[in-house]
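**Q** Structure file entry-v3.pdb, PDB, C-alpha atoms, is pasted below:
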ATOM      1  CA  MET T  19      15.956  37.701  43.528
ATOM      2  CA  LEU T  20      12.246  38.501  43.341
ATOM      3  CA  ASP T  21      12.811  40.498  40.147
ATOM      4  CA  ILE T  22      14.600  37.534  38.566
ATOM      5  CA  CYS T  23      11.689  35.228  39.453
ATOM      6  CA  TRP T  24       9.189  37.608  37.877
ATOM      7  CA  LEU T  25      11.350  37.865  34.771
ATOM      8  CA  CYS T  26      11.432  34.074  34.487
ATOM      9  CA  VAL T  27       7.654  33.906  34.849
ATOM     10  CA  ILE T  28       7.206  36.507  32.119
ATOM     11  CA  LEU T  29       9.624  34.733  29.783
ATOM     12  CA  VAL T  30       8.006  31.344  30.340
ATOM     13  CA  GLY T  31       4.553  32.824  29.902
ATOM     14  CA  SER T  32       5.607  34.524  26.684
ATOM     15  CA  ALA T  33       7.143  31.318  25.357
ATOM     16  CA  VAL T  34       3.986  29.333  26.132
ATOM     17  CA  TYR T  35       1.848  31.994  24.467
ATOM     18  CA  LEU T  36       3.993  32.035  21.318
ATOM     19  CA  LEU T  37       4.056  28.237  21.168
ATOM     20  CA  THR T  38       0.274  28.120  21.533
ATOM     21  CA  GLN T  39      -0.199  30.638  18.733
ATOM     22  CA  PHE T  40       2.234  28.743  16.519
ATOM     23  CA  ILE T  41       0.312  25.491  17.029
ATOM     24  CA  ARG T  42      -2.962  27.282  16.339
ATOM     25  CA  PHE T  43      -1.518  28.684  13.124
ATOM     26  CA  ILE T  44      -0.427  25.244  11.949
ATOM     27  CA  PHE T  45      -4.036  24.076  12.105
ATOM     28  CA  ALA T  46      -5.619  27.388  11.030
ATOM     29  CA  ASP T  47      -7.775  27.612   7.919
ATOM     30  CA  ALA T  48      -8.238  31.387   7.805
ATOM     31  CA  ASP T  49      -6.396  34.572   8.687
ATOM     32  CA  LEU T  50      -6.122  35.374  12.376
ATOM     33  CA  THR T  51      -8.531  38.346  12.224
ATOM     34  CA  LEU T  52     -11.257  36.155  10.752
ATOM     35  CA  LEU T  53     -10.656  33.340  13.230
ATOM     36  CA  TRP T  54     -10.830  35.867  16.074
ATOM     37  CA  ALA T  55     -14.180  37.082  14.730
ATOM     38  CA  ALA T  56     -15.406  33.476  14.505
ATOM     39  CA  ARG T  57     -14.584  32.913  18.166
ATOM     40  CA  PHE T  58     -15.435  36.230  19.779
ATOM     41  CA  GLY T  59     -17.376  38.284  17.216
ATOM     42  CA  ASN T  60     -20.976  38.611  16.054
ATOM     43  CA  SER T  61     -22.734  35.475  14.886
ATOM     44  CA  PRO T  62     -23.968  35.446  11.268
ATOM     45  CA  GLU T  63     -27.506  34.705  12.448
ATOM     46  CA  SER T  64     -27.620  37.824  14.614
ATOM     47  CA  LYS T  65     -26.554  40.096  11.760
ATOM     48  CA  LEU T  66     -27.916  38.478   8.575
ATOM     49  CA  ARG T  67     -31.355  37.166   9.562
ATOM     50  CA  GLY T  68     -34.025  38.940   7.529
ATOM     51  CA  LYS T  69     -31.501  40.731   5.315
ATOM     52  CA  VAL T  70     -31.917  40.824   1.551
ATOM     53  CA  VAL T  71     -28.853  39.183  -0.002
ATOM     54  CA  TRP T  72     -28.207  39.146  -3.749
ATOM     55  CA  ILE T  73     -25.873  36.327  -4.790
ATOM     56  CA  THR T  74     -24.418  36.104  -8.281
ATOM     57  CA  GLY T  75     -23.153  32.732  -9.456
ATOM     58  CA  ALA T  76     -25.738  31.106  -7.174
ATOM     59  CA  SER T  77     -26.370  28.005  -9.295
ATOM     60  CA  SER T  78     -23.370  25.954  -8.130
ATOM     61  CA  GLY T  79     -20.268  25.809  -5.958
ATOM     62  CA  ILE T  80     -19.672  28.528  -3.388
ATOM     63  CA  GLY T  81     -22.697  30.509  -4.587
ATOM     64  CA  GLU T  82     -25.021  27.543  -4.110
ATOM     65  CA  GLU T  83     -23.677  26.853  -0.634
ATOM     66  CA  LEU T  84     -24.022  30.542   0.246
ATOM     67  CA  SER T  85     -27.683  30.265  -0.709
ATOM     68  CA  TYR T  86     -28.241  27.311   1.619
ATOM     69  CA  GLN T  87     -26.419  28.723   4.620
ATOM     70  CA  LEU T  88     -28.039  32.137   4.263
ATOM     71  CA  ALA T  89     -31.469  30.515   3.908
ATOM     72  CA  ALA T  90     -30.764  28.585   7.118
ATOM     73  CA  LEU T  91     -30.062  31.923   8.838
ATOM     74  CA  GLY T  92     -33.374  33.332   7.656
ATOM     75  CA  ALA T  93     -32.020  35.739   5.045
ATOM     76  CA  ARG T  94     -34.117  36.652   2.011
ATOM     77  CA  LEU T  95     -32.396  35.847  -1.258
ATOM     78  CA  VAL T  96     -31.966  37.025  -4.810
ATOM     79  CA  LEU T  97     -30.419  34.138  -6.737
ATOM     80  CA  SER T  98     -28.665  34.995  -9.988
ATOM     81  CA  ALA T  99     -26.749  33.065 -12.638
ATOM     82  CA  ARG T 100     -27.251  32.245 -16.302
ATOM     83  CA  ARG T 101     -28.897  28.836 -15.808
ATOM     84  CA  GLU T 102     -32.439  29.547 -14.627
ATOM     85  CA  ASN T 103     -33.278  25.854 -14.194
ATOM     86  CA  GLU T 104     -30.371  25.420 -11.782
ATOM     87  CA  LEU T 105     -31.434  28.510  -9.854
ATOM     88  CA  GLU T 106     -34.930  27.064  -9.528
ATOM     89  CA  ARG T 107     -33.374  23.852  -8.186
ATOM     90  CA  VAL T 108     -31.453  25.809  -5.558
ATOM     91  CA  LYS T 109     -34.619  27.703  -4.624
ATOM     92  CA  ARG T 110     -36.616  24.477  -4.233
ATOM     93  CA  THR T 111     -33.900  23.063  -1.991
ATOM     94  CA  CYS T 112     -33.929  26.185   0.169
ATOM     95  CA  LEU T 113     -37.711  26.125   0.501
ATOM     96  CA  GLY T 114     -37.698  22.415   1.260
ATOM     97  CA  ARG T 115     -35.004  22.547   3.921
ATOM     98  CA  PHE T 116     -35.545  25.885   5.598
ATOM     99  CA  SER T 117     -38.347  28.076   6.958
ATOM    100  CA  LEU T 118     -38.675  30.465   4.028
ATOM    101  CA  LYS T 119     -41.694  31.352   1.935
ATOM    102  CA  ASP T 120     -41.777  31.417  -1.847
ATOM    103  CA  GLU T 121     -41.707  35.223  -1.897
ATOM    104  CA  ASP T 122     -38.542  35.223   0.240
ATOM    105  CA  ILE T 123     -36.476  33.940  -2.697
ATOM    106  CA  LEU T 124     -36.339  35.689  -6.058
ATOM    107  CA  VAL T 125     -34.847  33.793  -8.979
ATOM    108  CA  LEU T 126     -33.280  36.459 -11.186
ATOM    109  CA  PRO T 127     -31.392  35.067 -14.220
ATOM    110  CA  LEU T 128     -28.336  37.172 -14.954
ATOM    111  CA  ASP T 129     -25.513  37.211 -17.488
ATOM    112  CA  LEU T 130     -22.546  39.163 -16.149
ATOM    113  CA  LEU T 131     -21.352  39.710 -19.722
ATOM    114  CA  ASP T 132     -24.618  41.448 -20.671
ATOM    115  CA  ARG T 133     -23.823  44.677 -18.859
ATOM    116  CA  GLY T 134     -26.669  46.477 -20.614
ATOM    117  CA  SER T 135     -29.161  44.370 -18.634
ATOM    118  CA  HIS T 136     -27.705  45.014 -15.187
ATOM    119  CA  GLN T 137     -29.699  48.167 -14.465
ATOM    120  CA  GLU T 138     -32.944  46.337 -15.266
ATOM    121  CA  LYS T 139     -31.964  43.357 -13.110
ATOM    122  CA  THR T 140     -31.117  45.611 -10.171
ATOM    123  CA  ALA T 141     -34.445  47.393 -10.528
ATOM    124  CA  ALA T 142     -36.235  44.028 -10.508
ATOM    125  CA  ALA T 143     -34.517  43.001  -7.259
ATOM    126  CA  LEU T 144     -35.389  46.333  -5.639
ATOM    127  CA  LYS T 145     -38.989  46.126  -6.847
ATOM    128  CA  HIS T 146     -39.412  42.675  -5.309
ATOM    129  CA  PHE T 147     -37.811  43.346  -1.914
ATOM    130  CA  GLY T 148     -37.535  47.129  -1.670
ATOM    131  CA  ASP T 149     -33.926  46.908  -0.458
ATOM    132  CA  ILE T 150     -30.642  45.162  -1.157
ATOM    133  CA  ASP T 151     -28.749  44.818   2.114
ATOM    134  CA  VAL T 152     -25.910  42.626   0.860
ATOM    135  CA  LEU T 153     -24.488  42.049  -2.610
ATOM    136  CA  ILE T 154     -22.225  39.012  -2.953
ATOM    137  CA  ASN T 155     -20.292  39.094  -6.231
ATOM    138  CA  ASN T 156     -19.557  35.420  -6.731
ATOM    139  CA  GLY T 157     -19.987  34.838 -10.480
ATOM    140  CA  GLY T 158     -16.898  34.088 -12.557
ATOM    141  CA  ARG T 159     -14.633  31.463 -14.110
ATOM    142  CA  THR T 160     -11.074  30.318 -13.582
ATOM    143  CA  GLN T 161      -8.362  29.201 -16.040
ATOM    144  CA  ARG T 162      -6.233  26.131 -16.704
ATOM    145  CA  SER T 163      -3.758  26.912 -19.493
ATOM    146  CA  LEU T 164      -0.240  28.154 -20.078
ATOM    147  CA  CYS T 165       0.237  31.750 -21.160
ATOM    148  CA  THR T 166       2.190  30.764 -24.268
ATOM    149  CA  GLU T 167      -0.642  28.504 -25.438
ATOM    150  CA  ALA T 168      -3.702  30.573 -24.469
ATOM    151  CA  ASP T 169      -5.516  32.750 -27.002
ATOM    152  CA  VAL T 170      -5.834  36.450 -26.205
ATOM    153  CA  ASP T 171      -9.599  35.920 -26.461
ATOM    154  CA  VAL T 172      -9.386  33.859 -23.266
ATOM    155  CA  TYR T 173      -7.790  36.789 -21.432
ATOM    156  CA  GLN T 174     -10.432  39.159 -22.730
ATOM    157  CA  ALA T 175     -13.223  36.808 -21.637
ATOM    158  CA  LEU T 176     -11.746  36.492 -18.145
ATOM    159  CA  MET T 177     -11.489  40.254 -17.725
ATOM    160  CA  GLU T 178     -14.959  40.860 -19.149
ATOM    161  CA  LEU T 179     -16.550  38.294 -16.851
ATOM    162  CA  ASN T 180     -14.574  38.341 -13.606
ATOM    163  CA  TYR T 181     -13.691  42.020 -13.511
ATOM    164  CA  LEU T 182     -15.995  44.171 -15.646
ATOM    165  CA  GLY T 183     -19.088  42.077 -14.932
ATOM    166  CA  THR T 184     -18.457  42.422 -11.204
ATOM    167  CA  VAL T 185     -17.788  46.159 -11.479
ATOM    168  CA  SER T 186     -20.963  46.635 -13.505
ATOM    169  CA  ILE T 187     -23.260  44.980 -10.966
ATOM    170  CA  THR T 188     -21.531  46.804  -8.125
ATOM    171  CA  LYS T 189     -22.050  50.166  -9.811
ATOM    172  CA  GLN T 190     -25.780  49.438 -10.107
ATOM    173  CA  VAL T 191     -26.230  48.466  -6.454
ATOM    174  CA  LEU T 192     -23.864  50.959  -4.826
ATOM    175  CA  PRO T 193     -25.975  54.121  -5.398
ATOM    176  CA  HIS T 194     -28.886  52.454  -3.597
ATOM    177  CA  MET T 195     -26.643  51.688  -0.603
ATOM    178  CA  ILE T 196     -25.255  55.224  -0.610
ATOM    179  CA  ARG T 197     -28.777  56.679  -0.523
ATOM    180  CA  ARG T 198     -29.741  54.538   2.458
ATOM    181  CA  GLY T 199     -26.318  54.942   4.073
ATOM    182  CA  SER T 200     -25.609  51.267   4.723
ATOM    183  CA  GLY T 201     -24.968  47.923   3.083
ATOM    184  CA  ILE T 202     -22.375  45.248   2.376
ATOM    185  CA  ILE T 203     -20.710  44.625  -0.979
ATOM    186  CA  ALA T 204     -18.784  41.367  -0.757
ATOM    187  CA  THR T 205     -16.757  39.900  -3.580
ATOM    188  CA  ILE T 206     -15.407  36.380  -3.861
ATOM    189  CA  SER T 207     -11.900  37.090  -5.110
ATOM    190  CA  SER T 208      -9.119  34.540  -4.624
ATOM    191  CA  VAL T 209      -5.681  34.042  -3.156
ATOM    192  CA  SER T 210      -4.772  34.521  -6.827
ATOM    193  CA  GLY T 211      -5.824  38.145  -6.357
ATOM    194  CA  PHE T 212      -2.549  38.957  -4.603
ATOM    195  CA  VAL T 213      -0.153  36.100  -5.436
ATOM    196  CA  GLY T 214       1.235  34.635  -8.642
ATOM    197  CA  VAL T 215      -0.390  31.411  -9.868
ATOM    198  CA  PRO T 216       0.955  29.399 -12.823
ATOM    199  CA  LEU T 217      -1.614  28.069 -15.321
ATOM    200  CA  ALA T 218      -3.936  30.948 -14.359
ATOM    201  CA  THR T 219      -2.244  34.109 -15.638
ATOM    202  CA  GLY T 220      -5.484  35.551 -16.999
ATOM    203  CA  TYR T 221      -7.530  34.507 -13.984
ATOM    204  CA  ALA T 222      -4.963  35.951 -11.572
ATOM    205  CA  ALA T 223      -4.891  39.186 -13.580
ATOM    206  CA  SER T 224      -8.673  39.506 -13.368
ATOM    207  CA  LYS T 225      -8.619  38.888  -9.615
ATOM    208  CA  HIS T 226      -5.765  41.373  -9.118
ATOM    209  CA  ALA T 227      -7.963  43.877 -10.937
ATOM    210  CA  VAL T 228     -10.888  43.044  -8.646
ATOM    211  CA  GLN T 229      -8.696  43.517  -5.575
ATOM    212  CA  GLY T 230      -7.407  46.859  -6.833
ATOM    213  CA  PHE T 231     -10.889  48.107  -7.667
ATOM    214  CA  PHE T 232     -12.450  47.267  -4.317
ATOM    215  CA  ASN T 233      -9.460  48.422  -2.265
ATOM    216  CA  SER T 234      -9.731  51.778  -4.021
ATOM    217  CA  LEU T 235     -13.525  51.894  -3.748
ATOM    218  CA  ARG T 236     -13.336  51.215  -0.021
ATOM    219  CA  THR T 237     -11.225  54.338   0.387
ATOM    220  CA  GLU T 238     -13.632  56.405  -1.701
ATOM    221  CA  LEU T 239     -16.453  55.459   0.655
ATOM    222  CA  THR T 240     -14.917  56.644   3.907
ATOM    223  CA  ASP T 241     -17.774  59.165   4.266
ATOM    224  CA  TYR T 242     -20.127  56.160   4.479
ATOM    225  CA  PRO T 243     -18.796  54.119   7.426
ATOM    226  CA  ASN T 244     -21.839  51.831   7.423
ATOM    227  CA  ILE T 245     -21.109  50.587   3.902
ATOM    228  CA  THR T 246     -18.718  47.651   4.078
ATOM    229  CA  ILE T 247     -16.563  46.620   1.139
ATOM    230  CA  SER T 248     -15.349  43.088   1.773
ATOM    231  CA  THR T 249     -13.145  40.901  -0.403
ATOM    232  CA  ILE T 250     -12.992  37.168   0.249
ATOM    233  CA  CYS T 251      -9.840  35.386  -0.889
ATOM    234  CA  PRO T 252     -10.238  31.596  -0.780
ATOM    235  CA  GLY T 253      -7.490  29.159  -1.550
ATOM    236  CA  PRO T 254      -8.361  25.802  -3.152
ATOM    237  CA  VAL T 255     -11.998  24.943  -2.381
ATOM    238  CA  ILE T 256     -14.075  22.002  -3.573
ATOM    239  CA  SER T 257     -16.442  23.390  -6.203
ATOM    240  CA  SER T 258     -17.324  23.145  -9.874
ATOM    241  CA  ILE T 259     -15.073  26.068 -10.832
ATOM    242  CA  VAL T 260     -12.319  23.802 -12.191
ATOM    243  CA  GLN T 261     -14.758  21.885 -14.416
ATOM    244  CA  ASN T 262     -15.915  25.199 -15.904
ATOM    245  CA  ALA T 263     -12.435  26.693 -16.332
ATOM    246  CA  PHE T 264     -11.214  28.367 -19.488
ATOM    247  CA  THR T 265      -8.416  26.505 -21.262
ATOM    248  CA  GLU T 266      -6.200  27.712 -24.104
ATOM    249  CA  GLU T 267      -9.251  28.194 -26.332
ATOM    250  CA  LEU T 268     -12.636  29.706 -25.502
ATOM    251  CA  SER T 269     -14.610  26.690 -26.678
ATOM    252  CA  LYS T 270     -12.275  23.962 -25.402
ATOM    253  CA  PRO T 271     -13.401  22.308 -22.138
ATOM    254  CA  VAL T 272     -11.146  21.082 -19.352
ATOM    255  CA  ALA T 273     -10.141  17.482 -20.016
ATOM    256  CA  THR T 274     -10.451  16.478 -16.351
ATOM    257  CA  ALA T 275     -10.899  18.390 -13.114
ATOM    258  CA  GLY T 276      -8.615  16.043 -11.208
ATOM    259  CA  ASP T 277      -8.916  14.941  -7.605
ATOM    260  CA  GLN T 278     -10.259  17.699  -5.347
ATOM    261  CA  THR T 279     -10.464  15.800  -2.068
ATOM    262  CA  HIS T 280      -7.436  17.622  -0.681
ATOM    263  CA  LYS T 281      -9.199  21.000  -0.915
ATOM    264  CA  MET T 282     -11.179  22.863   1.733
ATOM    265  CA  SER T 283     -14.855  21.955   1.877
ATOM    266  CA  THR T 284     -17.289  24.431   0.357
ATOM    267  CA  GLU T 285     -19.308  24.372   3.588
ATOM    268  CA  ARG T 286     -16.366  25.529   5.706
ATOM    269  CA  CYS T 287     -15.398  28.245   3.229
ATOM    270  CA  VAL T 288     -18.929  29.681   3.257
ATOM    271  CA  GLN T 289     -19.215  29.393   7.035
ATOM    272  CA  LEU T 290     -16.108  31.533   7.470
ATOM    273  CA  THR T 291     -17.268  33.960   4.781
ATOM    274  CA  LEU T 292     -20.531  34.627   6.611
ATOM    275  CA  VAL T 293     -18.666  35.134   9.881
ATOM    276  CA  GLY T 294     -16.554  37.760   8.138
ATOM    277  CA  LEU T 295     -19.604  39.531   6.703
ATOM    278  CA  ALA T 296     -21.332  39.552  10.089
ATOM    279  CA  ASN T 297     -18.265  41.238  11.569
ATOM    280  CA  HIS T 298     -17.534  43.592   8.646
ATOM    281  CA  VAL T 299     -14.106  42.106   7.937
ATOM    282  CA  LYS T 300     -12.635  44.010   5.003
ATOM    283  CA  GLU T 301     -10.446  41.227   3.592
ATOM    284  CA  MET T 302     -10.554  37.522   4.377
ATOM    285  CA  TRP T 303      -7.959  34.869   3.635
ATOM    286  CA  ILE T 304      -9.672  31.474   3.722
ATOM    287  CA  ALA T 305      -7.287  28.621   3.043
ATOM    288  CA  GLU T 306      -5.836  25.544   4.625
ATOM    289  CA  GLN T 307      -2.112  25.064   5.052
ATOM    290  CA  PRO T 308       0.227  25.483   3.264
ATOM    291  CA  PHE T 309      -1.749  28.066   1.299
ATOM    292  CA  LEU T 310      -2.507  30.188   4.363
ATOM    293  CA  LEU T 311       1.210  30.358   5.118
ATOM    294  CA  PHE T 312       1.794  31.545   1.556
ATOM    295  CA  CYS T 313      -0.693  34.365   2.093
ATOM    296  CA  TYR T 314       1.261  35.610   5.069
ATOM    297  CA  LEU T 315       4.598  35.188   3.315
ATOM    298  CA  TRP T 316       3.388  37.180   0.312
ATOM    299  CA  GLN T 317       2.202  39.902   2.672
ATOM    300  CA  TYR T 318       5.201  40.098   5.000
ATOM    301  CA  SER T 319       8.107  38.315   3.273
ATOM    302  CA  PRO T 320       7.658  38.540  -0.506
ATOM    303  CA  THR T 321      11.247  37.562  -1.323
ATOM    304  CA  LEU T 322      10.866  34.239   0.475
ATOM    305  CA  ALA T 323       7.386  33.860  -0.999
ATOM    306  CA  TRP T 324       8.750  34.255  -4.520
ATOM    307  CA  TYR T 325      11.408  31.633  -3.875
ATOM    308  CA  LEU T 326       8.923  29.032  -2.618
ATOM    309  CA  THR T 327       6.315  29.908  -5.233
ATOM    310  CA  ASN T 328       8.819  29.396  -8.035
ATOM    311  CA  ILE T 329       9.700  25.944  -6.712
ATOM    312  CA  LEU T 330       6.088  24.779  -6.454
ATOM    313  CA  GLY T 331       5.035  26.652  -9.587
ATOM    314  CA  LYS T 332       7.737  24.942 -11.642
ATOM    315  CA  LYS T 333       6.537  21.571 -10.409
ATOM    316  CA  ARG T 334       2.933  22.451 -11.213
ATOM    317  CA  VAL T 335       3.769  23.505 -14.785
ATOM    318  CA  GLN T 336       5.873  20.370 -15.348
ATOM    319  CA  ASN T 337       3.007  18.166 -14.196
ATOM    320  CA  PHE T 338       0.556  20.029 -16.393
ATOM    321  CA  LYS T 339       2.764  19.640 -19.460
ATOM    322  CA  ALA T 340       3.164  15.938 -18.701
ATOM    323  CA  GLY T 341      -0.593  15.468 -18.595
ATOM    324  CA  LEU T 342      -0.709  14.955 -14.830
ATOM    325  CA  ASP T 343      -3.259  16.194 -12.320
ATOM    326  CA  ALA T 344      -1.700  19.570 -11.565
ATOM    327  CA  ASP T 345      -4.082  20.443  -8.736
ATOM    328  CA  SER T 346      -3.325  17.407  -6.615
ATOM    329  CA  ALA T 347       0.403  17.209  -7.319
ATOM    330  CA  TYR T 348       1.319  19.086  -4.144
ATOM    331  CA  PHE T 349      -0.447  16.666  -1.866
ATOM    332  CA  SER T 350       0.094  13.169  -3.180
ATOM    333  CA  LYS T 351       2.011  11.215  -5.742
ATOM    334  CA  PRO T 352       0.777  12.496  -9.128
ATOM    335  CA  LYS T 353      -1.351  10.206 -11.235
ATOM    336  CA  VAL T 354      -1.455  10.328 -14.993
ATOM    337  CA  LYS T 355      -4.751  11.626 -16.360
ATOM    338  CA  THR T 356      -7.000   8.967 -17.801
ATOM    339  CA  THR T 357      -9.126   9.503 -20.879
TER     340      THR T 357
END
For the file at hand, write its structure as structure tokens.
**A**
Amino acid sequence: MLDICWLCVILVGSAVYLLTQFIRFIFADADLTLLWAARFGNSPESKLRGKVVWITGASSGIGEELSYQLAALGARLVLSARRENELERVKRTCLGRFSLKDEDILVLPLDLLDRGSHQEKTAAALKHFGDIDVLINNGGRTQRSLCTEADVDVYQALMELNYLGTVSITKQVLPHMIRRGSGIIATISSVSGFVGVPLATGYAASKHAVQGFFNSLRTELTDYPNITISTICPGPVISSIVQNAFTEELSKPVATAGDQTHKMSTERCVQLTLVGLANHVKEMWIAEQPFLLFCYLWQYSPTLAWYLTNILGKKRVQNFKAGLDADSAYFSKPKVKTT
């Protein structure tokens, strides 16, 4: 009788535990490893204060928010992007809001497509600070066009910028980290780096390439356990990336970015990213539901993932062809784009 009572207690306890985890997952906005680190792991302030962090794509969006949150932690920054005036604006904001000195922030204009300049830019960062503790590869562009309508030049531009530009900067910084035996190379990839995304065939291809490169590089560096290779895979996040997306032609801008209010806030995405870096998480999935569920389905049940992706992907393409706001179509009744 006593054995039966204990068995009932164990079964009830297990059921409560599973129900609790299921409810937590419903409201989760990141993978379980990252959320565990956020609750029980190292704080970003304890690990990133005083570190030299080089951020590419720092003039807007996730890169800009990374600059602010890292400045709040007391990190020293190298801010890079093409638009020097925007970088100066970000620097002024950091200096005005946080306890950093002018010499703690280096504005370093950078064009990821100009790979011949990357050695010089890396040398300039090292000359100013002496070290690069963390490299955050954030620069890049997305895509909003159908494969059948997009020029091959668009695909080349996406690969040159998102993949080869990132690889080039990484190859300049990595030898320095190998010599010192430590460092973090973090790359803002995307959920599109391991799932299929309609209207972004070139973008997804470039992010798949990024994922493959860094997964392979991580294995090559097993003799350097204090060098962390981390890939961050956000789902939809509020940023300027949609406004700057490639369309079917290189010179054609996006007609409208659509409503982004349904997306994760940039602040929350960056907060989770810094938690992951502080705890040396190798891969982070940062997305609200239902996108987080899709990440797990693609990882553990790809057949089901394909089925659901095809349903939603078909709807997304139909809305795009009809001139509707493709990004918000999953969350509310679609509205026709206005001119």
**Q** To one decimal place in Å, what is the distance between atom CA of Tyr242 of chain T and atom CA of Ser200 of chain T?
**A**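 Separation between atom CA of Tyr242 of chain T and atom CA of Ser200 of chain T: 7.4 Å.
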**Q** Restricting the calculation to only C-alpha atoms: of T:Leu192, T:Met177, T:Leu52, T:Leu290, which residue gets closest to Val228 of chain T?
**A**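 When distances to Val228 of chain T are compared using only C-alpha atoms, the smallest one comes from T:Met177.
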**Q** Measuring between all atoms listed in the file, which one of T:Ile304, T:Leu95, T:Ala218, T:Leu235 shows the shortest distance to Glu167 of chain T?
**A**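 Smallest separation from Glu167 of chain T among the options: T:Ala218.
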**Q** Please enumerate the residues selected by the PyMOL selection byres ((chain T and resi 209) around 8) when evaluated against the supplied file, formatted as a ChimeraX atom specification.
**A** /T:207-208,210-213,251-253,303,313
**Q** Once you have the residues from the selection above, write them out as a PDB file, in the coordinates of the input, restricted to C-alpha atoms.
**A**
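What follows is the written file part-v4.pdb:
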ATOM      1  CA  SER T 207     -11.900  37.090  -5.110  1.00  0.00           C
ATOM      2  CA  SER T 208      -9.119  34.540  -4.624  1.00  0.00           C
ATOM      3  CA  SER T 210      -4.772  34.521  -6.827  1.00  0.00           C
ATOM      4  CA  GLY T 211      -5.824  38.145  -6.357  1.00  0.00           C
ATOM      5  CA  PHE T 212      -2.549  38.957  -4.603  1.00  0.00           C
ATOM      6  CA  VAL T 213      -0.153  36.100  -5.436  1.00  0.00           C
ATOM      7  CA  CYS T 251      -9.840  35.386  -0.889  1.00  0.00           C
ATOM      8  CA  PRO T 252     -10.238  31.596  -0.780  1.00  0.00           C
ATOM      9  CA  GLY T 253      -7.490  29.159  -1.550  1.00  0.00           C
ATOM     10  CA  TRP T 303      -7.959  34.869   3.635  1.00  0.00           C
ATOM     11  CA  CYS T 313      -0.693  34.365   2.093  1.00  0.00           C
TER      12      CYS T 313
END
**Q** Pick out the residues sitting within 6 Å of Asp122 of chain T, and hand them over as a list in words; count all atoms listed in the file, and ignore anything fewer than 2 positions along from it in its own chain.
**A** Arg94, Lys119 and Asp120 of chain T
**Q** Once the PyMOL selection byres ((chain T and resi 265-275) around 6) has been evaluated on this model, what residues remain selected, and can you format them as an MDAnalysis selection string?
**A** chainID T and resid 161:163 167:169 172 260:261 264 276
**Q** Name the residues that the PyMOL selection byres ((chain T and resi 138) around 12) pulls out of this structure, and write them as a list in words.
**A** Leu126, Pro127, Leu128, Asp129, Asp132, Arg133, Gly134, Ser135, His136, Gln137, Lys139, Thr140, Ala141, Ala142, Ala143, Leu144, Lys145, Ile187, Gln190 and Val191 of chain T
**Q** Could you check the closest approach to Arg67 of chain T for each of T:Ala296, T:Arg42, T:Leu130, T:His194 and tell me which residue wins, using only C-alpha atoms?
**A**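 Checking each of T:Ala296, T:Arg42, T:Leu130, T:His194 against Arg67 of chain T, counting only C-alpha atoms, the winner is T:Ala296.
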**Q** Write out as a list in words the residues lying within 6 Å of segment 321-332 of chain T, counting only C-alpha atoms and excluding same-chain residues fewer than 4 positions away.
**A**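 Everything that qualifies: Pro216, Leu315 and Trp316 of chain T.
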**Q** Could you write out that same residue set with C-alpha atoms as a PDB file, in the frame of the given file?
**A**
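Final output, part-v9.pdb:
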ATOM      1  CA  PRO T 216       0.955  29.399 -12.823  1.00  0.00           C
ATOM      2  CA  LEU T 315       4.598  35.188   3.315  1.00  0.00           C
ATOM      3  CA  TRP T 316       3.388  37.180   0.312  1.00  0.00           C
TER       4      TRP T 316
END
**Q** Could you name the residues that touch segment 56-60 of chain T at 12 Å or less, counting only C-alpha atoms, but leaving out those on the same chain fewer than 6 positions away, as a count of residues only?
**A** 18
